[in-house]
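Raw contents of structure-v6.cif, mmCIF, C-alpha atoms:
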```cif
data_target
#
loop_
_atom_site.label_atom_id
_atom_site.label_comp_id
_atom_site.auth_asym_id
_atom_site.auth_seq_id
_atom_site.Cartn_x
_atom_site.Cartn_y
_atom_site.Cartn_z
CA MET A 1 113.08 100.72 98.66
CA SER A 2 110.53 102.04 96.18
CA PHE A 3 107.33 103.54 97.55
CA LYS A 4 103.94 102.30 96.35
CA ILE A 5 101.20 104.81 95.59
CA ASN A 6 97.71 104.26 94.24
CA CYS A 7 94.95 106.37 92.78
CA ILE A 8 91.79 106.11 90.69
CA CYS A 9 92.31 105.67 86.95
CA ASN A 10 90.89 108.75 85.22
CA ILE A 11 90.88 106.97 81.86
CA CYS A 12 88.51 104.31 83.20
CA GLU A 13 86.46 107.01 84.92
CA SER A 14 86.00 108.83 81.60
CA ILE A 15 84.39 105.79 79.94
CA PRO A 16 80.57 106.24 80.26
CA GLU A 17 79.74 102.52 80.34
CA ASN A 18 82.26 101.83 83.09
CA THR A 19 80.37 101.27 86.36
CA GLN A 20 83.26 100.14 88.57
CA ILE A 21 86.00 102.18 90.21
CA SER A 22 89.33 101.21 88.69
CA PHE A 23 92.48 101.68 90.73
CA ALA A 24 96.01 102.23 89.45
CA ILE A 25 99.31 101.50 91.16
CA GLY A 26 102.72 103.12 90.75
CA TYR A 27 106.14 103.10 92.38
CA VAL A 28 108.06 106.19 93.49
CA GLU A 29 111.72 105.43 92.75
CA ASN A 30 114.67 107.76 93.33
CA LEU A 31 112.07 110.17 94.73
CA GLU A 32 111.13 111.45 91.28
CA SER A 33 108.13 113.77 90.99
CA GLU A 34 106.69 111.93 87.96
CA VAL A 35 105.44 108.38 88.49
CA LYS A 36 104.14 105.98 85.88
CA MET A 37 100.80 104.49 86.93
CA LYS A 38 99.05 101.40 85.58
CA CYS A 39 95.48 100.24 86.22
CA SER A 40 93.92 96.77 86.11
CA ASN A 41 92.62 97.49 82.59
CA GLY A 42 96.11 98.21 81.31
CA HIS A 43 95.80 102.00 81.09
CA VAL A 44 99.07 103.83 81.66
CA PHE A 45 99.33 107.46 82.73
CA THR A 46 101.60 109.75 84.76
CA ALA A 47 101.04 110.92 88.32
CA LEU A 48 102.59 114.28 89.22
CA LEU A 49 103.44 114.39 92.92
CA GLN A 50 102.89 117.42 95.10
CA VAL A 51 103.79 115.40 98.20
CA PRO A 52 107.21 116.33 99.69
CA LYS A 53 109.92 113.75 99.23
CA PHE A 54 110.83 113.69 102.92
CA ALA A 55 107.31 112.43 103.70
CA PHE A 56 107.83 109.36 101.51
CA MET A 57 111.23 108.68 103.03
CA PHE A 58 109.92 108.98 106.58
CA GLU A 59 107.09 106.57 105.75
CA ASN A 60 109.62 104.10 104.36
CA GLY A 61 111.35 104.35 107.74
CA LEU A 62 108.12 103.37 109.50
CA THR A 63 107.65 100.44 107.10
CA ALA A 64 111.19 99.24 107.73
CA PHE A 65 110.68 99.57 111.51
CA ASN A 66 107.45 97.58 111.36
CA LYS A 67 109.32 94.83 109.50
CA GLY A 68 112.13 94.77 112.07
CA PHE A 69 114.74 96.32 109.75
CA TYR A 70 116.01 98.84 112.28
CA ILE A 71 119.23 99.91 110.55
CA GLU A 72 117.25 100.61 107.35
CA ALA A 73 114.64 102.46 109.40
CA PHE A 74 117.38 104.60 110.98
CA SER A 75 118.79 105.40 107.54
CA CYS A 76 115.35 106.37 106.20
CA PHE A 77 114.54 108.58 109.19
CA TYR A 78 117.82 110.43 108.89
CA SER A 79 117.48 110.70 105.12
CA ALA A 80 114.04 112.22 105.73
CA ILE A 81 115.53 115.02 107.82
CA GLU A 82 118.15 115.73 105.16
CA LEU A 83 115.47 115.84 102.45
CA PHE A 84 113.43 118.12 104.71
CA ARG A 85 116.41 120.47 104.98
CA ILE A 86 116.64 120.64 101.19
CA ASP A 87 112.90 121.28 100.88
CA PHE A 88 112.93 123.93 103.59
CA SER A 89 115.89 125.71 101.99
CA SER A 90 114.37 125.49 98.51
CA ALA A 91 110.99 126.71 99.74
CA TYR A 92 112.62 129.62 101.59
CA PHE A 93 114.57 130.86 98.58
CA HIS A 94 111.53 130.29 96.35
CA SER A 95 109.05 132.17 98.55
CA TYR A 96 111.30 134.82 100.09
CA GLU A 97 113.92 135.37 97.37
CA SER A 98 111.68 134.66 94.33
CA LYS A 99 113.92 131.95 92.87
CA SER A 100 112.22 129.55 90.44
CA VAL A 101 111.75 125.90 91.37
CA ASN A 102 113.77 124.68 88.38
CA GLU A 103 116.62 127.06 89.22
CA LEU A 104 116.74 125.76 92.79
CA LYS A 105 116.56 122.12 91.70
CA LYS A 106 119.60 122.61 89.47
CA HIS A 107 121.59 124.11 92.35
CA PHE A 108 120.64 121.46 94.90
CA LYS A 109 121.23 118.60 92.47
CA SER A 110 124.97 119.32 92.64
CA ILE A 111 125.05 119.38 96.45
CA LYS A 112 125.50 115.84 97.78
CA ILE A 113 127.43 116.28 101.04
CA SER A 114 125.34 116.34 104.23
CA GLU A 115 127.42 119.08 105.84
CA ARG A 116 126.87 121.41 102.88
CA ILE A 117 123.14 120.68 102.82
CA TYR A 118 122.98 121.41 106.54
CA GLY A 119 124.95 124.64 106.09
CA ILE A 120 122.48 125.94 103.49
CA TYR A 121 119.57 124.84 105.68
CA LYS A 122 120.93 126.67 108.71
CA LEU A 123 121.36 129.79 106.58
CA ALA A 124 117.74 129.60 105.38
CA LEU A 125 116.49 128.74 108.87
CA GLY A 126 118.43 131.65 110.34
CA LEU A 127 117.11 134.10 107.77
CA TYR A 128 113.56 132.92 108.43
CA SER A 129 113.49 132.39 112.19
CA GLY A 130 116.74 133.76 113.60
CA ASP A 131 117.84 130.32 114.84
CA SER A 132 120.78 129.61 112.54
CA ALA A 133 122.31 127.33 115.21
CA ASP A 134 119.32 124.96 114.90
CA LYS A 135 119.43 124.34 118.66
CA GLU A 136 116.11 122.52 118.60
CA PHE A 137 117.67 119.70 116.57
CA THR A 138 121.24 119.65 117.88
CA THR A 139 120.08 119.35 121.48
CA ILE A 140 117.91 116.24 120.89
CA LYS A 141 119.12 113.57 123.32
CA ILE A 142 118.93 109.85 122.56
CA LYS A 143 118.84 107.71 125.70
CA GLY A 144 120.76 104.43 125.80
CA ASN A 145 123.69 102.78 127.55
CA LYS A 146 125.51 106.05 126.95
CA ASN A 147 123.29 109.05 126.26
CA LYS A 148 124.18 110.83 123.03
CA ASN A 149 122.77 113.68 121.05
CA ILE A 150 121.14 112.75 117.76
CA THR A 151 124.05 113.92 115.60
CA GLU A 152 126.59 111.93 117.64
CA LEU A 153 124.49 108.79 117.21
CA ARG A 154 124.17 109.38 113.46
CA ASN A 155 127.95 109.74 113.13
CA LEU A 156 128.52 106.53 115.10
CA VAL A 157 126.14 104.61 112.84
CA VAL A 158 127.47 106.06 109.58
CA HIS A 159 131.19 106.28 110.33
CA ALA A 160 131.92 103.80 113.14
CA GLY A 161 129.69 100.85 112.30
CA HIS A 162 127.50 101.26 115.38
CA ILE A 163 124.33 99.13 115.18
CA PRO A 164 121.51 101.17 116.74
CA SER A 165 119.12 99.44 119.09
CA LYS A 166 115.38 99.28 118.42
CA ASN A 167 114.88 101.83 121.21
CA GLU A 168 117.45 104.21 119.74
CA VAL A 169 115.86 104.02 116.30
CA GLU A 170 112.42 104.68 117.78
CA GLN A 171 113.72 107.75 119.61
CA VAL A 172 115.43 109.04 116.48
CA GLY A 173 112.34 108.48 114.33
CA TYR A 174 109.95 110.14 116.74
CA SER A 175 112.29 113.05 117.46
CA ILE A 176 112.66 113.72 113.73
CA TYR A 177 108.88 113.44 113.28
CA LYS A 178 108.18 116.07 115.96
CA TYR A 179 110.92 118.35 114.66
CA ILE A 180 109.67 118.23 111.05
CA ILE A 181 106.00 118.75 111.95
CA LYS A 182 106.70 121.74 114.20
CA ILE A 183 108.81 123.58 111.63
CA TYR A 184 106.67 122.58 108.64
CA GLN A 185 103.50 123.93 110.22
CA THR A 186 105.04 127.26 111.26
CA PHE A 187 107.04 127.92 108.06
CA ASN A 188 104.59 129.89 105.91
CA ILE A 189 104.85 131.70 102.58
CA LYS A 190 106.10 135.28 102.52
CA GLU A 191 102.63 136.63 101.69
CA HIS A 192 101.10 134.92 104.72
CA ASP A 193 98.83 137.08 106.85
CA ALA A 194 99.64 136.63 110.54
CA ASP A 195 95.92 136.78 111.34
CA ASP A 196 95.02 134.09 108.80
CA PRO A 197 93.48 131.11 110.67
CA PHE A 198 94.48 128.83 107.77
CA PRO A 199 98.20 129.34 107.12
CA TRP A 200 99.73 128.19 103.84
CA PRO A 201 102.99 126.25 104.39
CA ALA A 202 105.87 127.42 102.21
CA ILE A 203 106.94 123.86 101.39
CA MET A 204 103.42 123.05 100.19
CA GLN A 205 103.53 126.13 97.94
CA TYR A 206 106.94 125.10 96.62
CA TYR A 207 105.63 121.69 95.54
CA PHE A 208 102.51 123.24 94.01
CA ASP A 209 104.66 125.63 91.97
CA SER A 210 106.94 122.73 91.03
CA ILE A 211 104.05 121.04 89.19
CA VAL A 212 103.01 124.34 87.58
CA GLU A 213 106.57 124.88 86.28
CA TYR A 214 106.72 121.26 85.10
CA CYS A 215 103.55 121.81 83.07
CA GLN A 216 104.87 125.05 81.59
CA GLU A 217 108.17 123.42 80.64
CA ASN A 218 106.41 120.44 78.99
CA ILE A 219 103.67 122.55 77.32
CA LEU A 220 100.89 121.03 79.42
CA ASP A 221 97.76 122.73 80.70
CA TYR A 222 97.88 122.66 84.49
CA GLN A 223 94.19 123.54 84.80
CA ASP A 224 93.17 120.68 82.50
CA ILE A 225 95.26 118.21 84.49
CA SER A 226 94.06 119.46 87.88
CA GLN A 227 90.43 119.18 86.69
CA ASN A 228 91.00 115.66 85.28
CA LYS A 229 90.46 116.83 81.68
CA ASP A 230 93.78 115.41 80.48
CA SER A 231 93.65 111.66 81.09
CA ARG A 232 97.39 111.27 80.43
CA TYR A 233 98.14 112.86 83.81
CA THR A 234 96.82 113.10 87.33
CA ILE A 235 98.01 115.22 90.25
CA ILE A 236 98.47 113.69 93.67
CA ALA A 237 98.27 116.66 95.99
CA SER A 238 96.98 115.15 99.21
CA ASP A 239 99.40 113.51 101.61
CA THR A 240 97.24 110.43 102.17
CA TYR A 241 100.11 108.00 101.83
CA THR A 242 102.22 108.96 104.84
CA GLY A 243 101.83 109.33 108.58
CA LEU A 244 103.10 112.92 108.55
CA LYS A 245 99.64 114.14 107.42
CA LEU A 246 101.07 117.33 105.97
CA ASN A 247 97.68 118.44 104.67
CA THR A 248 96.31 118.44 108.22
CA VAL A 249 96.98 121.05 110.90
CA LEU A 250 98.11 119.01 113.90
CA GLU A 251 98.12 120.14 117.50
CA ILE A 252 101.81 120.24 118.41
CA SER A 253 101.13 119.52 122.10
CA ASN A 254 99.03 116.47 121.23
CA LEU A 255 100.80 114.72 118.36
CA PRO A 256 100.32 111.01 117.59
CA THR A 257 102.72 108.72 119.44
CA PHE A 258 105.34 106.69 117.60
CA LYS A 259 103.13 103.63 118.15
CA ASP A 260 100.25 105.51 116.49
CA LEU A 261 102.46 106.29 113.49
CA LEU A 262 103.40 102.62 113.16
CA GLU A 263 99.74 101.57 113.19
CA ILE A 264 98.85 104.19 110.56
CA ASN A 265 101.72 102.88 108.43
CA LYS A 266 100.43 99.31 108.69
CA GLY A 267 97.03 100.46 107.47
CA HIS A 268 98.57 102.32 104.53
CA ASN A 269 100.57 99.27 103.48
CA ILE A 270 97.59 96.91 103.74
CA ASN A 271 95.52 99.19 101.50
CA LYS A 272 98.31 99.57 98.94
CA ASP A 273 99.08 95.83 98.92
CA VAL A 274 95.40 95.04 98.26
CA THR A 275 95.25 97.64 95.47
CA GLU A 276 98.41 96.19 93.92
CA LYS A 277 96.84 92.71 93.88
CA ILE A 278 93.67 94.12 92.28
CA VAL A 279 95.68 95.87 89.57
CA ASN A 280 97.73 92.71 88.96
CA LYS A 281 94.45 90.72 88.89
CA GLU A 282 95.56 88.48 91.73
CA ILE A 283 92.23 89.20 93.40
CA ALA A 284 88.91 90.28 91.87
CA ILE A 285 86.45 92.95 93.01
#
```

Could you show the structure in this file as structure tokens?
Amino acid sequence: MSFKINCICNICESIPENTQISFAIGYVENLESEVKMKCSNGHVFTALLQVPKFAFMFENGLTAFNKGFYIEAFSCFYSAIELFRIDFSSAYFHSYESKSVNELKKHFKSIKISERIYGIYKLALGLYSGDSADKEFTTIKIKGNKNKNITELRNLVVHAGHIPSKNEVEQVGYSIYKYIIKIYQTFNIKEHDADDPFPWPAIMQYYFDSIVEYCQENILDYQDISQNKDSRYTIIASDTYTGLKLNTVLEISNLPTFKDLLEINKGHNINKDVTEKIVNKEIAI
């Protein structure tokens, strides 16, 4: 499913006589980093995303779960962890081995098999933390009629036609959520000062540099775009669209429950649906 995003239209904002806030809506498809946006006044511009792809996929899993599509939710949650592995690996080699974003994207584009993605991830994880076995993930247990670890359940669903129960999907989703948040928040850039009270996540830096390289490649001025001086583009840097809240330092011992994440997701979708209707002039403001 495509993922709806919304933002303020900078073109409308730049018109002096305009007194109303004008919203624009766009759809993230195939998890591209450039999204075409359109506002209620017909202005079209491009949003450059600095939000990790796994965050969008995880949010789609919550949406599917809220709608009762549990197999789709399971697929989205597991796709989120695989996208996270790609992002972690890319961010590691970018920050610690000084590889460019574009160079890494070309390499990972040719890697489609889950086992190979996982192998690269475990290498990067091992180089960073010493845990190349990824015990924290492989030991996740999913309770059901027959208890399984998370990988066994995934293989049953993908290869044996097993239909996961609502409870199994909830456990998978929440386990993946906790796993991603813990690693994301402790995986910092190489230049990080251990005494810094405000760490800078390596994946966040990777996505920031991705937009910088995109601008360089397309002869665009990153500073102009980031300061809203180029109305053809806008940068969406804040993770306000997903329940992962990657721009917020969360207390690992006191994370939101899965029920909390579902409620946050409902709120996000209500806001985006209303914005979409405003842009399509189905409702007036």

For A:Phe137, find every residue with an atom within 10 Å (counting all atoms listed in the file), except residues of its own chain fewer than 2 positions away, and show them as a PDB file with C-alpha atoms, in the frame of the given file.
```
ATOM      1  CA  ALA A 133     122.310 127.330 115.210  1.00  0.00           C
ATOM      2  CA  ASP A 134     119.320 124.960 114.900  1.00  0.00           C
ATOM      3  CA  LYS A 135     119.430 124.340 118.660  1.00  0.00           C
ATOM      4  CA  THR A 139     120.080 119.350 121.480  1.00  0.00           C
ATOM      5  CA  ILE A 140     117.910 116.240 120.890  1.00  0.00           C
ATOM      6  CA  LYS A 141     119.120 113.570 123.320  1.00  0.00           C
ATOM      7  CA  ASN A 149     122.770 113.680 121.050  1.00  0.00           C
ATOM      8  CA  ILE A 150     121.140 112.750 117.760  1.00  0.00           C
ATOM      9  CA  THR A 151     124.050 113.920 115.600  1.00  0.00           C
ATOM     10  CA  SER A 175     112.290 113.050 117.460  1.00  0.00           C
ATOM     11  CA  ILE A 176     112.660 113.720 113.730  1.00  0.00           C
ATOM     12  CA  TYR A 179     110.920 118.350 114.660  1.00  0.00           C
ATOM     13  CA  ILE A 180     109.670 118.230 111.050  1.00  0.00           C
TER      14      ILE A 180
END
```

Q.
Evaluate the PyMOL selection byres ((chain A and resi 267) around 12) against this structure - the residues, as a list in words, please.
A.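 Given this file, the PyMOL selection byres ((chain A and resi 267) around 12) evaluates to Glu59, Leu62, Thr63, Asn66, Thr240, Tyr241, Thr242, Gly243, Asp260, Leu261, Leu262, Glu263, Ile264, Asn265, Lys266, His268, Asn269, Ile270, Asn271, Lys272, Asp273 and Val274 of chain A.
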
**Q.** Minimum-distance residue to A:Ala73, chosen among A:Gln216, A:Asn60, A:Ser110, A:Asn167 (using all atoms listed in the file)
**A.** A:Asn60

**Q.** Atomic distance atom CA of A:Met57 - atom CA of A:Asp131, expressed in Å with one decimal
**A.**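 Straight-line distance from atom CA of A:Met57 to atom CA of A:Asp131 works out to 25.5 Å.
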
Q.
Measuring between all atoms listed in the file, which one of A:Asn10, A:Leu48, A:Lys259, A:Gly26 shows the shortest distance to A:Glu276?
A.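 Smallest separation from A:Glu276 among the options: A:Gly26.
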
Q.
Can you spell out as a list of chain:residue names the set of residues that the PyMOL selection byres ((chain A and resi 12) around 12) selects in the structure I just provided?
A. A:Cys7, A:Ile8, A:Cys9, A:Asn10, A:Ile11, A:Glu13, A:Ser14, A:Ile15, A:Pro16, A:Glu17, A:Asn18, A:Thr19, A:Gln20, A:Ile21, A:Ser22, A:Phe23, A:Ala24, A:Lys38, A:Cys39, A:Ser40, A:Asn41, A:Gly42, A:His43, A:Val44, A:Phe45, A:Asn228, A:Ser231, A:Arg232

**Q.** Point-to-point distance from atom CA of A:Glu251 to atom CA of A:Tyr177, Å rounded to tenths
**A.**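 Going from atom CA of A:Glu251 over to atom CA of A:Tyr177 covers 13.4 Å.
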
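Between atom CA of A:Ser2 and atom CA of A:Asn30 there is a distance of 7.6 Å.
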
(Q) Residues within 6 Å of (98.7, 125.1, 87.0), file coordinates, counting only C-alpha atoms: what are they? Give the list as a PyMOL selection string. (A) chain A and resi 212+222-223

Q. Nearest to A:Asp230: which of A:Glu32, A:Glu97, A:Thr46, A:Leu153 is it, counting only C-alpha atoms?
A.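 Answer, going by the shortest atom-to-atom distance: A:Thr46.
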
Q.
I'd like the contact shell of A:Gln227 - 12 Å cut-off, only C-alpha atoms, skipping same-chain residues fewer than 6 positions apart - returned as a PyMOL selection string.
A. chain A and resi 10+221+233-236

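Taking all atoms listed in the file into account, A:Ser33 lies nearest to A:Lys53 out of the set A:Lys229, A:Lys53, A:Lys4, A:Lys99.
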